[in-house]
>>> print(open('protein.txt').read())   # compact mmCIF, C-alpha atoms
# COMPACT_ATOMS: atom_id res chain seq x y z
CA MET Y 1 -19.84 -28.63 4.38
CA GLU Y 2 -17.65 -28.55 7.49
CA LEU Y 3 -17.18 -26.32 10.49
CA LEU Y 4 -13.99 -24.26 10.59
CA ARG Y 5 -11.51 -23.69 13.38
CA ASN Y 6 -9.91 -20.31 12.71
CA ALA Y 7 -6.76 -18.57 13.87
CA VAL Y 8 -6.82 -15.41 16.00
CA ARG Y 9 -4.04 -12.92 15.25
CA PRO Y 10 -2.77 -11.04 18.36
CA TYR Y 11 -1.62 -7.67 17.01
CA ALA Y 12 -0.97 -4.89 19.52
CA TRP Y 13 -3.76 -2.65 18.16
CA GLY Y 14 -6.42 -5.31 18.77
CA SER Y 15 -9.23 -5.63 21.31
CA ARG Y 16 -9.23 -7.63 24.54
CA THR Y 17 -13.00 -8.15 24.33
CA ALA Y 18 -14.55 -8.08 20.83
CA ILE Y 19 -13.29 -11.31 19.24
CA ALA Y 20 -13.36 -13.26 22.51
CA ASP Y 21 -16.96 -12.20 23.09
CA LEU Y 22 -17.92 -13.24 19.54
CA LEU Y 23 -16.35 -16.67 20.11
CA GLY Y 24 -17.95 -17.09 23.55
CA ARG Y 25 -14.67 -16.95 25.48
CA PRO Y 26 -14.00 -15.10 28.77
CA VAL Y 27 -13.20 -11.40 28.56
CA PRO Y 28 -10.98 -9.52 28.87
CA THR Y 29 -8.28 -11.62 27.25
CA PRO Y 30 -4.67 -11.54 28.53
CA HIS Y 31 -3.47 -9.99 25.27
CA PRO Y 32 -5.07 -7.94 22.46
CA GLU Y 33 -6.79 -9.98 19.74
CA ALA Y 34 -6.96 -8.15 16.42
CA GLU Y 35 -8.13 -10.45 13.64
CA LEU Y 36 -9.97 -13.75 13.22
CA TRP Y 37 -8.81 -15.29 9.93
CA MET Y 38 -11.10 -17.51 7.84
CA GLY Y 39 -9.61 -18.93 4.68
CA ALA Y 40 -6.51 -20.54 3.23
CA HIS Y 41 -3.82 -17.93 3.81
CA PRO Y 42 -0.47 -19.75 4.16
CA GLY Y 43 0.31 -17.75 7.32
CA ASP Y 44 -2.68 -19.13 9.28
CA PRO Y 45 -5.02 -21.37 7.27
CA SER Y 46 -8.36 -22.45 8.72
CA MET Y 47 -8.80 -26.06 9.80
CA LEU Y 48 -11.81 -28.10 8.68
CA VAL Y 49 -13.34 -29.96 11.62
CA ARG Y 50 -14.63 -33.36 10.57
CA HIS Y 51 -17.60 -35.11 12.18
CA ASP Y 52 -15.24 -37.44 14.06
CA GLY Y 53 -13.37 -34.47 15.55
CA SER Y 54 -10.29 -34.78 13.32
CA GLU Y 55 -9.00 -31.68 11.54
CA GLU Y 56 -7.49 -30.96 8.10
CA SER Y 57 -5.87 -27.81 6.82
CA LEU Y 58 -8.03 -25.99 4.27
CA LEU Y 59 -4.85 -24.94 2.47
CA GLU Y 60 -3.70 -28.54 2.11
CA LEU Y 61 -7.14 -29.65 0.91
CA LEU Y 62 -7.15 -26.95 -1.77
CA ASP Y 63 -3.69 -27.99 -2.90
CA ALA Y 64 -4.77 -31.64 -3.11
CA ASP Y 65 -8.09 -31.14 -4.94
CA PRO Y 66 -8.64 -27.56 -6.11
CA ALA Y 67 -11.37 -28.44 -8.62
CA HIS Y 68 -13.57 -30.03 -5.94
CA HIS Y 69 -13.21 -27.17 -3.46
CA LEU Y 70 -12.90 -24.15 -5.75
CA GLY Y 71 -14.79 -25.21 -8.86
CA ALA Y 72 -13.27 -25.21 -12.34
CA GLY Y 73 -13.83 -21.51 -13.01
CA CYS Y 74 -12.34 -20.28 -9.74
CA LYS Y 75 -9.47 -22.79 -9.94
CA ASP Y 76 -8.48 -21.70 -13.44
CA ARG Y 77 -8.91 -17.96 -12.79
CA TRP Y 78 -6.87 -17.92 -9.58
CA GLY Y 79 -4.36 -20.69 -10.21
CA GLY Y 80 -5.77 -23.10 -7.63
CA ARG Y 81 -5.73 -20.47 -4.85
CA LEU Y 82 -8.65 -19.32 -2.73
CA PRO Y 83 -8.78 -15.71 -3.99
CA PHE Y 84 -10.10 -14.11 -0.80
CA LEU Y 85 -9.38 -13.94 2.92
CA PHE Y 86 -12.32 -13.43 5.28
CA LYS Y 87 -11.77 -11.76 8.67
CA VAL Y 88 -13.32 -10.31 11.76
CA LEU Y 89 -11.23 -7.23 12.56
CA ALA Y 90 -11.33 -5.64 16.03
CA ALA Y 91 -9.35 -2.42 16.54
CA ASP Y 92 -8.97 -0.64 19.87
CA GLU Y 93 -6.11 1.47 18.50
CA PRO Y 94 -5.35 2.84 15.01
CA LEU Y 95 -3.77 0.64 12.36
CA SER Y 96 -0.99 1.96 10.14
CA LEU Y 97 -1.81 4.43 7.36
CA GLN Y 98 -1.47 2.37 4.18
CA ALA Y 99 -2.39 1.69 0.57
CA HIS Y 100 -2.34 -1.36 -1.68
CA PRO Y 101 -1.13 -1.76 -5.28
CA SER Y 102 -3.12 -2.61 -8.39
CA ALA Y 103 -2.64 -6.00 -10.06
CA GLU Y 104 -0.23 -4.50 -12.59
CA GLN Y 105 1.77 -2.63 -9.94
CA ALA Y 106 1.96 -5.73 -7.73
CA ALA Y 107 3.15 -7.97 -10.57
CA GLU Y 108 5.83 -5.46 -11.61
CA GLY Y 109 6.95 -4.76 -8.05
CA PHE Y 110 7.12 -8.45 -7.17
CA ALA Y 111 9.22 -9.23 -10.26
CA ARG Y 112 11.53 -6.29 -9.51
CA GLU Y 113 12.13 -7.35 -5.89
CA GLU Y 114 12.59 -10.99 -6.89
CA SER Y 115 15.25 -9.92 -9.42
CA ALA Y 116 16.94 -7.82 -6.73
CA GLY Y 117 17.13 -10.88 -4.47
CA ILE Y 118 15.20 -9.32 -1.58
CA PRO Y 119 13.97 -12.13 0.70
CA ARG Y 120 10.17 -12.36 0.73
CA ASN Y 121 10.11 -12.08 4.52
CA ALA Y 122 12.52 -9.12 4.64
CA ALA Y 123 11.37 -6.07 6.61
CA ASN Y 124 12.01 -3.83 3.59
CA ARG Y 125 10.08 -6.02 1.16
CA ASN Y 126 7.10 -4.20 -0.38
CA TYR Y 127 5.74 -6.98 -2.59
CA PRO Y 128 5.84 -10.47 -1.03
CA ASP Y 129 3.41 -11.69 -3.72
CA PRO Y 130 2.40 -10.59 -7.26
CA THR Y 131 -1.31 -9.91 -6.62
CA ALA Y 132 -3.56 -6.94 -5.88
CA LYS Y 133 -5.22 -6.41 -2.50
CA PRO Y 134 -8.60 -4.68 -2.77
CA GLU Y 135 -10.62 -4.90 0.43
CA LEU Y 136 -14.02 -4.17 1.94
CA ILE Y 137 -14.87 -3.61 5.61
CA CYS Y 138 -18.44 -3.86 6.93
CA ALA Y 139 -19.13 -2.54 10.42
CA LEU Y 140 -20.40 -4.82 13.18
CA THR Y 141 -20.15 -1.99 15.71
CA GLU Y 142 -19.72 1.74 15.15
CA PHE Y 143 -16.53 1.77 13.10
CA HIS Y 144 -14.14 4.71 12.61
CA ALA Y 145 -11.74 5.06 9.69
CA LEU Y 146 -9.72 7.41 7.54
CA ALA Y 147 -10.09 6.65 3.84
CA GLY Y 148 -9.44 8.46 0.58
CA PHE Y 149 -8.34 12.05 0.03
CA ARG Y 150 -10.93 14.64 1.06
CA GLU Y 151 -12.17 17.14 -1.53
CA ALA Y 152 -9.28 19.60 -1.83
CA GLY Y 153 -11.28 22.79 -1.27
CA ARG Y 154 -12.64 21.43 2.00
CA THR Y 155 -9.11 20.57 3.14
CA VAL Y 156 -8.05 24.16 2.43
CA ARG Y 157 -10.90 25.30 4.70
CA LEU Y 158 -9.68 22.92 7.40
CA LEU Y 159 -6.15 24.34 7.18
CA ASP Y 160 -7.57 27.88 7.28
CA ALA Y 161 -9.58 27.01 10.39
CA LEU Y 162 -6.48 25.69 12.17
CA ASP Y 163 -4.16 28.43 10.84
CA VAL Y 164 -0.96 26.75 12.02
CA PRO Y 165 1.89 29.25 11.37
CA SER Y 166 4.39 26.58 10.26
CA LEU Y 167 1.88 25.15 7.75
CA ARG Y 168 0.73 28.39 6.07
CA ALA Y 169 3.14 28.02 3.15
CA HIS Y 170 2.11 24.37 2.75
CA ARG Y 171 -1.55 25.37 2.77
CA GLY Y 172 -0.74 27.64 -0.17
CA LEU Y 173 0.36 24.65 -2.27
CA LEU Y 174 -3.15 23.25 -2.14
CA ALA Y 175 -5.01 26.56 -2.26
CA ALA Y 176 -3.19 27.43 -5.50
CA GLN Y 177 -4.07 24.07 -7.05
CA PRO Y 178 -7.07 22.50 -5.27
CA ASP Y 179 -7.06 19.20 -7.17
CA ALA Y 180 -5.27 15.84 -7.31
CA ASP Y 181 -2.01 17.46 -8.43
CA GLY Y 182 -2.11 19.93 -5.55
CA LEU Y 183 -2.80 17.09 -3.11
CA ARG Y 184 0.16 15.14 -4.49
CA ALA Y 185 2.42 18.18 -4.04
CA LEU Y 186 1.27 18.81 -0.46
CA PHE Y 187 1.30 15.16 0.56
CA THR Y 188 4.79 14.67 -0.89
CA THR Y 189 6.02 17.73 1.00
CA TRP Y 190 4.59 16.50 4.29
CA ILE Y 191 5.66 12.86 4.01
CA THR Y 192 9.26 13.90 3.32
CA LEU Y 193 9.60 16.54 6.05
CA PRO Y 194 12.77 16.13 8.15
CA GLU Y 195 12.27 14.98 11.71
CA HIS Y 196 13.46 18.25 13.24
CA TYR Y 197 10.75 20.13 11.30
CA LEU Y 198 8.09 17.67 12.48
CA ARG Y 199 9.23 18.20 16.08
CA ASP Y 200 8.67 21.93 15.64
CA VAL Y 201 5.35 21.84 13.79
CA MET Y 202 3.57 19.13 15.79
CA PRO Y 203 3.09 21.15 19.01
CA GLU Y 204 1.62 24.02 16.97
CA LEU Y 205 -0.73 21.65 15.15
CA LEU Y 206 -1.88 19.92 18.33
CA ASP Y 207 -2.49 23.24 20.10
CA ALA Y 208 -4.56 24.45 17.15
CA CYS Y 209 -6.60 21.23 17.17
CA VAL Y 210 -7.27 21.55 20.91
CA GLU Y 211 -8.54 25.09 20.41
CA HIS Y 212 -10.74 24.06 17.45
CA VAL Y 213 -12.32 21.26 19.49
CA ARG Y 214 -12.97 23.65 22.40
CA GLU Y 215 -14.72 26.01 20.02
CA ARG Y 216 -16.75 23.11 18.59
CA GLY Y 217 -15.58 24.05 15.14
CA GLU Y 218 -16.67 22.51 11.85
CA PHE Y 219 -13.74 20.10 11.85
CA ALA Y 220 -13.85 18.99 15.50
CA LEU Y 221 -13.96 15.27 14.60
CA GLU Y 222 -10.93 15.60 12.33
CA CYS Y 223 -9.08 17.53 15.05
CA ARG Y 224 -9.85 14.93 17.72
CA THR Y 225 -8.42 12.34 15.35
CA VAL Y 226 -5.22 14.35 14.95
CA LEU Y 227 -4.92 14.64 18.75
CA GLU Y 228 -5.39 10.89 19.22
CA LEU Y 229 -2.89 10.02 16.50
CA GLY Y 230 -0.42 12.64 17.70
CA GLU Y 231 -0.45 11.15 21.19
CA ALA Y 232 0.06 7.60 19.92
CA TYR Y 233 2.60 8.50 17.19
CA PRO Y 234 4.43 11.72 18.16
CA ASN Y 235 6.40 13.39 15.36
CA ASP Y 236 5.05 10.95 12.76
CA ALA Y 237 4.38 12.39 9.30
CA GLY Y 238 1.29 10.19 9.12
CA VAL Y 239 -0.39 12.52 11.63
CA LEU Y 240 -0.05 15.37 9.14
CA ALA Y 241 -1.23 13.12 6.30
CA SER Y 242 -4.41 12.33 8.25
CA LEU Y 243 -5.46 15.98 7.77
CA LEU Y 244 -5.93 15.25 4.06
CA LEU Y 245 -8.24 12.24 4.39
CA ASN Y 246 -11.96 11.66 4.78
CA ARG Y 247 -12.88 10.92 8.40
CA LEU Y 248 -15.63 8.27 8.39
CA VAL Y 249 -17.97 6.83 11.00
CA LEU Y 250 -19.73 3.64 9.84
CA GLN Y 251 -22.83 2.31 11.56
CA PRO Y 252 -23.43 -1.46 11.79
CA GLY Y 253 -24.19 -2.82 8.34
CA GLU Y 254 -22.44 0.03 6.51
CA ALA Y 255 -19.30 -0.68 4.53
CA ILE Y 256 -16.52 0.94 2.52
CA PHE Y 257 -14.65 -0.53 -0.42
CA LEU Y 258 -10.94 0.28 -0.67
CA PRO Y 259 -9.57 -0.12 -4.20
CA ALA Y 260 -5.94 0.01 -5.27
CA GLY Y 261 -4.18 3.25 -4.34
CA ASN Y 262 -6.66 4.30 -1.64
CA LEU Y 263 -4.82 5.69 1.40
CA HIS Y 264 -6.59 4.56 4.57
CA ALA Y 265 -6.32 3.65 8.24
CA TYR Y 266 -8.81 1.86 10.47
CA LEU Y 267 -9.07 3.71 13.79
CA HIS Y 268 -11.50 1.93 16.10
CA GLY Y 269 -14.31 -0.61 16.02
CA THR Y 270 -15.20 -4.14 14.98
CA GLY Y 271 -16.08 -5.19 11.45
CA VAL Y 272 -16.23 -8.04 9.00
CA GLU Y 273 -13.49 -7.64 6.39
CA ILE Y 274 -13.03 -9.40 3.09
CA LEU Y 275 -9.97 -8.86 0.96
CA ALA Y 276 -7.93 -10.39 -1.81
CA ASN Y 277 -5.57 -13.07 -0.51
CA SER Y 278 -2.45 -10.88 -0.67
CA ASP Y 279 0.10 -9.38 1.73
CA ASN Y 280 1.11 -6.35 -0.36
CA ILE Y 281 1.05 -3.20 1.79
CA LEU Y 282 2.68 0.19 1.17
CA ARG Y 283 2.76 2.04 4.50
CA CYS Y 284 2.67 5.80 4.92
CA GLY Y 285 2.97 6.30 8.67
CA LEU Y 286 1.50 5.60 12.11
CA THR Y 287 3.81 2.61 12.33
CA PRO Y 288 7.39 1.69 13.25
CA LYS Y 289 7.49 -0.58 10.17
CA HIS Y 290 9.18 0.06 6.84
CA VAL Y 291 7.96 3.08 4.85
CA ASP Y 292 9.13 3.33 1.22
CA VAL Y 293 8.10 6.84 0.19
CA PRO Y 294 8.99 6.63 -3.55
CA GLU Y 295 7.10 3.35 -3.94
CA LEU Y 296 4.15 4.68 -1.94
CA LEU Y 297 3.93 7.74 -4.22
CA ARG Y 298 3.98 5.44 -7.25
CA VAL Y 299 0.98 3.51 -5.93
CA LEU Y 300 -1.22 6.23 -4.38
CA ASP Y 301 -4.36 7.51 -6.11
CA PHE Y 302 -4.72 11.24 -5.39
CA ALA Y 303 -8.24 11.55 -6.79
CA CYS Y 304 -10.23 13.39 -4.11
CA GLY Y 305 -13.80 13.56 -2.92
CA ASP Y 306 -16.20 11.89 -0.52
CA MET Y 307 -15.80 8.18 0.14
CA ARG Y 308 -18.90 6.24 -0.83
CA ILE Y 309 -20.48 4.43 2.12
CA LEU Y 310 -22.10 1.19 0.99
CA LYS Y 311 -25.35 0.11 2.57
CA GLY Y 312 -25.62 -2.95 0.36
CA GLU Y 313 -28.18 -3.96 -2.24
CA SER Y 314 -31.24 -5.78 -0.89
CA LEU Y 315 -31.99 -8.83 -3.04
CA ASP Y 316 -34.93 -9.88 -0.87
CA ALA Y 317 -36.31 -9.25 2.62
CA ASN Y 318 -33.34 -10.99 4.26
CA LEU Y 319 -30.37 -10.89 1.87
CA THR Y 320 -28.09 -7.87 1.32
CA VAL Y 321 -25.14 -7.93 -1.08
CA TYR Y 322 -22.20 -5.50 -1.06
CA LYS Y 323 -21.27 -5.22 -4.72
CA THR Y 324 -17.80 -3.98 -5.68
CA PRO Y 325 -15.56 -4.10 -8.76
CA ALA Y 326 -13.33 -6.69 -7.05
CA GLN Y 327 -13.17 -10.00 -8.92
CA GLU Y 328 -11.61 -11.79 -5.97
CA PHE Y 329 -14.59 -11.64 -3.59
CA GLU Y 330 -18.20 -10.81 -2.85
CA LEU Y 331 -19.64 -10.18 0.61
CA SER Y 332 -23.29 -10.62 1.53
CA ARG Y 333 -25.30 -10.46 4.76
CA VAL Y 334 -28.45 -12.27 5.86
CA ASP Y 335 -30.63 -10.95 8.69
CA TRP Y 336 -33.68 -12.51 10.32
CA THR Y 337 -36.30 -11.22 12.72
CA LEU Y 338 -39.22 -12.94 14.43
CA ALA Y 339 -41.52 -11.55 11.75
CA ASP Y 340 -39.42 -12.87 8.86
CA SER Y 341 -37.53 -16.06 9.60
CA GLY Y 342 -37.69 -18.10 6.38
CA GLY Y 343 -34.85 -19.84 4.60
CA VAL Y 344 -32.42 -17.99 2.35
CA LEU Y 345 -30.59 -19.66 -0.54
CA LEU Y 346 -26.84 -19.05 -0.57
CA ASP Y 347 -25.67 -20.13 -3.98
CA SER Y 348 -22.37 -19.64 -5.79
CA PRO Y 349 -20.45 -21.41 -8.56
CA GLY Y 350 -17.37 -21.20 -6.34
CA PRO Y 351 -16.46 -21.71 -2.68
CA GLN Y 352 -18.15 -19.95 0.23
CA ILE Y 353 -17.44 -19.26 3.91
CA VAL Y 354 -20.43 -18.49 6.13
CA LEU Y 355 -19.98 -16.81 9.53
CA CYS Y 356 -22.70 -16.47 12.17
CA THR Y 357 -22.55 -13.13 13.97
CA LYS Y 358 -25.91 -13.19 15.81
CA GLY Y 359 -28.17 -15.88 17.18
CA ARG Y 360 -28.06 -19.48 15.97
CA VAL Y 361 -28.42 -20.55 12.36
CA HIS Y 362 -29.13 -23.89 10.65
CA LEU Y 363 -27.37 -24.45 7.32
CA SER Y 364 -28.09 -27.36 4.98
CA THR Y 365 -27.21 -28.32 1.43
CA VAL Y 366 -30.03 -27.95 -1.06
CA ASP Y 367 -30.37 -31.72 -1.40
CA GLY Y 368 -30.50 -32.08 2.39
CA SER Y 369 -27.60 -34.54 2.47
CA ARG Y 370 -25.55 -32.46 4.90
CA SER Y 371 -26.33 -29.86 7.52
CA VAL Y 372 -24.73 -27.98 10.36
CA GLN Y 373 -25.86 -25.64 13.10
CA LEU Y 374 -23.83 -22.47 13.53
CA GLU Y 375 -23.59 -20.78 16.90
CA ARG Y 376 -22.55 -17.13 17.16
CA GLY Y 377 -18.89 -16.85 16.18
CA GLU Y 378 -18.82 -20.16 14.28
CA SER Y 379 -18.16 -20.47 10.57
CA VAL Y 380 -18.49 -23.14 7.91
CA TRP Y 381 -16.75 -23.98 4.64
CA LEU Y 382 -18.88 -24.75 1.60
CA ALA Y 383 -16.85 -26.26 -1.22
CA ALA Y 384 -17.83 -25.45 -4.79
CA SER Y 385 -19.06 -29.05 -5.09
CA ASP Y 386 -21.70 -28.22 -2.46
CA GLN Y 387 -23.09 -25.67 -4.98
CA ALA Y 388 -25.61 -24.05 -2.64
CA ALA Y 389 -26.97 -24.10 0.88
CA VAL Y 390 -30.14 -22.97 2.60
CA ALA Y 391 -29.70 -20.86 5.74
CA ARG Y 392 -32.45 -20.34 8.32
CA PRO Y 393 -32.45 -19.36 11.99
CA ALA Y 394 -32.37 -22.39 14.28
CA THR Y 395 -33.95 -20.38 17.09
CA LEU Y 396 -34.73 -16.72 17.59
CA ASP Y 397 -34.28 -15.23 21.03
CA ALA Y 398 -36.39 -12.48 22.53
CA ASP Y 399 -34.91 -9.73 20.38
CA GLY Y 400 -35.53 -11.76 17.25
CA ALA Y 401 -31.99 -11.43 15.93
CA ALA Y 402 -30.05 -13.84 13.76
CA GLN Y 403 -27.39 -12.90 11.24
CA VAL Y 404 -24.77 -14.45 8.99
CA PHE Y 405 -22.18 -13.02 6.64
CA ARG Y 406 -21.25 -14.94 3.51
CA ALA Y 407 -17.89 -14.61 1.72
CA ALA Y 408 -17.70 -15.91 -1.83
CA ALA Y 409 -15.43 -15.62 -4.82
CA GLY Y 410 -16.34 -12.70 -7.08
CA VAL Y 411 -18.06 -13.09 -10.40
CA VAL Y 412 -15.53 -12.87 -13.23
>>> encode(input="protein.txt", output="structure tokens")
Amino acid sequence: MELLRNAVRPYAWGSRTAIADLLGRPVPTPHPEAELWMGAHPGDPSMLVRHDGSEESLLELLDADPAHHLGAGCKDRWGGRLPFLFKVLAADEPLSLQAHPSAEQAAEGFAREESAGIPRNAANRNYPDPTAKPELICALTEFHALAGFREAGRTVRLLDALDVPSLRAHRGLLAAQPDADGLRALFTTWITLPEHYLRDVMPELLDACVEHVRERGEFALECRTVLELGEAYPNDAGVLASLLLNRLVLQPGEAIFLPAGNLHAYLHGTGVEILANSDNILRCGLTPKHVDVPELLRVLDFACGDMRILKGESLDANLTVYKTPAQEFELSRVDWTLADSGGVLLDSPGPQIVLCTKGRVHLSTVDGSRSVQLERGESVWLAASDQAAVARPATLDADGAAQVFRAAAGVV
């Protein structure tokens, strides 16, 4: 059981306050900070901080002794790799509109690009590794996202409400077939529109959205999103694609699970994210990066309907688990108040990373041989050989708040 020192990723869409505030550093920061990475990703592995102050790479430790750190089951299932990456994600601006492949699609795409001799770090590489990338985001603050295709009939009503002249024929594609096939036809039409057409249609769309917001129409939130995206990414087909997606607002503690093929974009807010340890991304728009339309269409799931918002399953008064079909990971949350501040057992047959997001928490192995105190923003690595730990608040301040999130390998 050792404290972790974790890398902060400075992407342009990040926040100058959220991650720094969590880590107890001065705000605002000189540059945006987008993600705090906890895990053994080769791009930025966490460092284990020993009691004497020395540090060792978690990635190197896993390579040297995977059975000790991962446990036999996790080691054998995932080939000696830590199957998940744990993050704090802080977005002040929208991320790219994207989807991720299934395990079968990733393996096939990786083999195809390897055979073609495309360098793994090439800008036009779609599959730098052969693994799937399901993910789950749990809000720490109010969190805004686009995720999954909206029910087709409701999207027809949105297009009717806007009544953009240049999109009337396109609206007919979906009205005539308000299902997954109709969504595929409309999305394919929009994502392949020539730039000169986008330059003509975008002013009409933005004007219609402004008018709908002024009238406080049914789709005012969706229209404000289009206006924000249109300002940041003028003449980008992803702005049109956003009209087809569910617009979500998560409250702290609420989460969404994004399986293979789900088209999504995080818009604004801070959350705890856990995902499979993969870099496979198929982008759709809202980005200057590579967009491979044929490959994106091969991966996308056009099933439509409301996105399920997960509130987690309460296992006791303190512990909430966010259950998903993902075998790579499981996320859980522990909350304490002044009225209920007992210990909570965090057990797993595999490795765990525990992050403190509120207050101050004391963590100790079940046998009491090792312990550590976590301040807000600090995290700890529990190897599989540690088996389990007991977490309890070290102190509770006036508002009685203490909280940790626990990332673990999924149950296979």
>>> atom_distance(input="protein.txt", atom1="atom CA of Y:Asp301", atom2="atom CA of Y:Val226")
22.2 Å
>>> residues_around(input="protein.txt", residues="Y:Phe86", least_positions_apart="5", cutoff="12 Å", atoms="all atoms listed in the file", output="ChimeraX atom specification")
/Y:6-7,35-41,44-46,135-138,271-278,328-332,352-355,379-381,405-409
>>> residues_around(input="protein.txt", residues="Y:Leu95", least_positions_apart="3", cutoff="9 Å", atoms="all atoms listed in the file", output="list in words")
Trp13, Ala91, Gln98, Ala265, Tyr266, Leu267, His268, Leu286 and Thr287 of chain Y
>>> residues_near_point(input="protein.txt", point="(-17.8, -13.2, -8.8)", cutoff="10 Å", atoms="all atoms listed in the file", output="list in words")
Cys74, Lys323, Thr324, Pro325, Ala326, Gln327, Glu328, Phe329, Glu330, Ser348, Pro349, Gly350, Ala408, Ala409, Gly410, Val411 and Val412 of chain Y
>>> atom_distance(input="protein.txt", atom1="atom CA of Y:Glu378", atom2="atom CA of Y:Ala402")
12.9 Å
>>> closest_atom_pairs(input="protein.txt", of="stretch 41-110 of chain Y", to="stretch 143-157 of chain Y", cutoff="12 Å", atoms="all atoms listed in the file", output="tab-separated table")
residue	atom	partner	partner_atom	distance
Y:Leu89	CA	Y:Phe143	CA	10.5
Y:Ala90	CA	Y:Phe143	CA	9.5
Y:Ala91	CA	Y:Phe143	CA	9.0
Y:Asp92	CA	Y:His144	CA	10.4
Y:Glu93	CA	Y:His144	CA	10.5
Y:Pro94	CA	Y:Ala145	CA	8.6
Y:Leu95	CA	Y:Ala145	CA	9.5
Y:Ser96	CA	Y:Leu146	CA	10.6
Y:Leu97	CA	Y:Leu146	CA	8.5
Y:Gln98	CA	Y:Ala147	CA	9.6
Y:Ala99	CA	Y:Ala147	CA	9.7
>>> write_last_selection(input="protein.txt", atoms="C-alpha atoms", output="tab-separated table (two decimals), in the frame of the given file")
chain	number	residue	atom	x	y	z
Y	89	LEU	CA	-11.23	-7.23	12.56
Y	90	ALA	CA	-11.33	-5.64	16.03
Y	91	ALA	CA	-9.35	-2.42	16.54
Y	92	ASP	CA	-8.97	-0.64	19.87
Y	93	GLU	CA	-6.11	1.47	18.50
Y	94	PRO	CA	-5.35	2.84	15.01
Y	95	LEU	CA	-3.77	0.64	12.36
Y	96	SER	CA	-0.99	1.96	10.14
Y	97	LEU	CA	-1.81	4.43	7.36
Y	98	GLN	CA	-1.47	2.37	4.18
Y	99	ALA	CA	-2.39	1.69	0.57
>>> residues_around(input="protein.txt", residues="Y:Leu173", least_positions_apart="6", cutoff="9 Å", atoms="all atoms listed in the file", output="PyMOL selection string")
chain Y and resi 182-183+185-186
>>> closest_residue(input="protein.txt", among="Y:Pro194, Y:Pro66, Y:Pro128, Y:Pro203", to="Y:Val164", atoms="all atoms listed in the file")
Y:Pro203
>>> closest_residue(input="protein.txt", among="Y:Glu204, Y:Glu254, Y:Asp160, Y:Glu211", to="Y:Arg308", atoms="all atoms listed in the file")
Y:Glu254
>>> closest_residue(input="protein.txt", among="Y:Thr188, Y:Asn246, Y:Ser115, Y:Thr337", to="Y:Asn262", atoms="all atoms listed in the file")
Y:Asn246
>>> atom_distance(input="protein.txt", atom1="atom CA of Y:Leu300", atom2="atom CA of Y:Leu250")
23.5 Å
>>> residues_around(input="protein.txt", residues="Y:Ser314", least_positions_apart="5", cutoff="10 Å", atoms="only C-alpha atoms", output="list of chain:residue names")
Y:Leu319, Y:Thr320, Y:Val321, Y:Tyr322, Y:Ser332, Y:Arg333, Y:Val334
>>> closest_residue(input="protein.txt", among="Y:Ala180, Y:Val361, Y:Phe257, Y:Pro351", to="Y:Leu82", atoms="all atoms listed in the file")
Y:Pro351
>>> residues_around(input="protein.txt", residues="Y:Asp340", least_positions_apart="3", cutoff="12 Å", atoms="all atoms listed in the file", output="PyMOL selection string")
chain Y and resi 316-319+334-337+343-344+392-393+396+400-402
>>> closest_residue(input="protein.txt", among="Y:Leu22, Y:Ala67, Y:Ala169, Y:Met1", to="Y:Gly359", atoms="only C-alpha atoms")
Y:Leu22
>>> axis_aligned_box(input="protein.txt", around="stretch 257-263 of chain Y", padding_each_side="3 Å", output="AutoDock Vina command-line options")
--center_x -9.4 --center_y 2.6 --center_z -1.9 --size_x 16.5 --size_y 12.2 --size_z 12.7
>>> closest_residue(input="protein.txt", among="Y:Arg370, Y:Lys358, Y:Arg81, Y:Arg112", to="Y:Arg125", atoms="all atoms listed in the file")
Y:Arg112
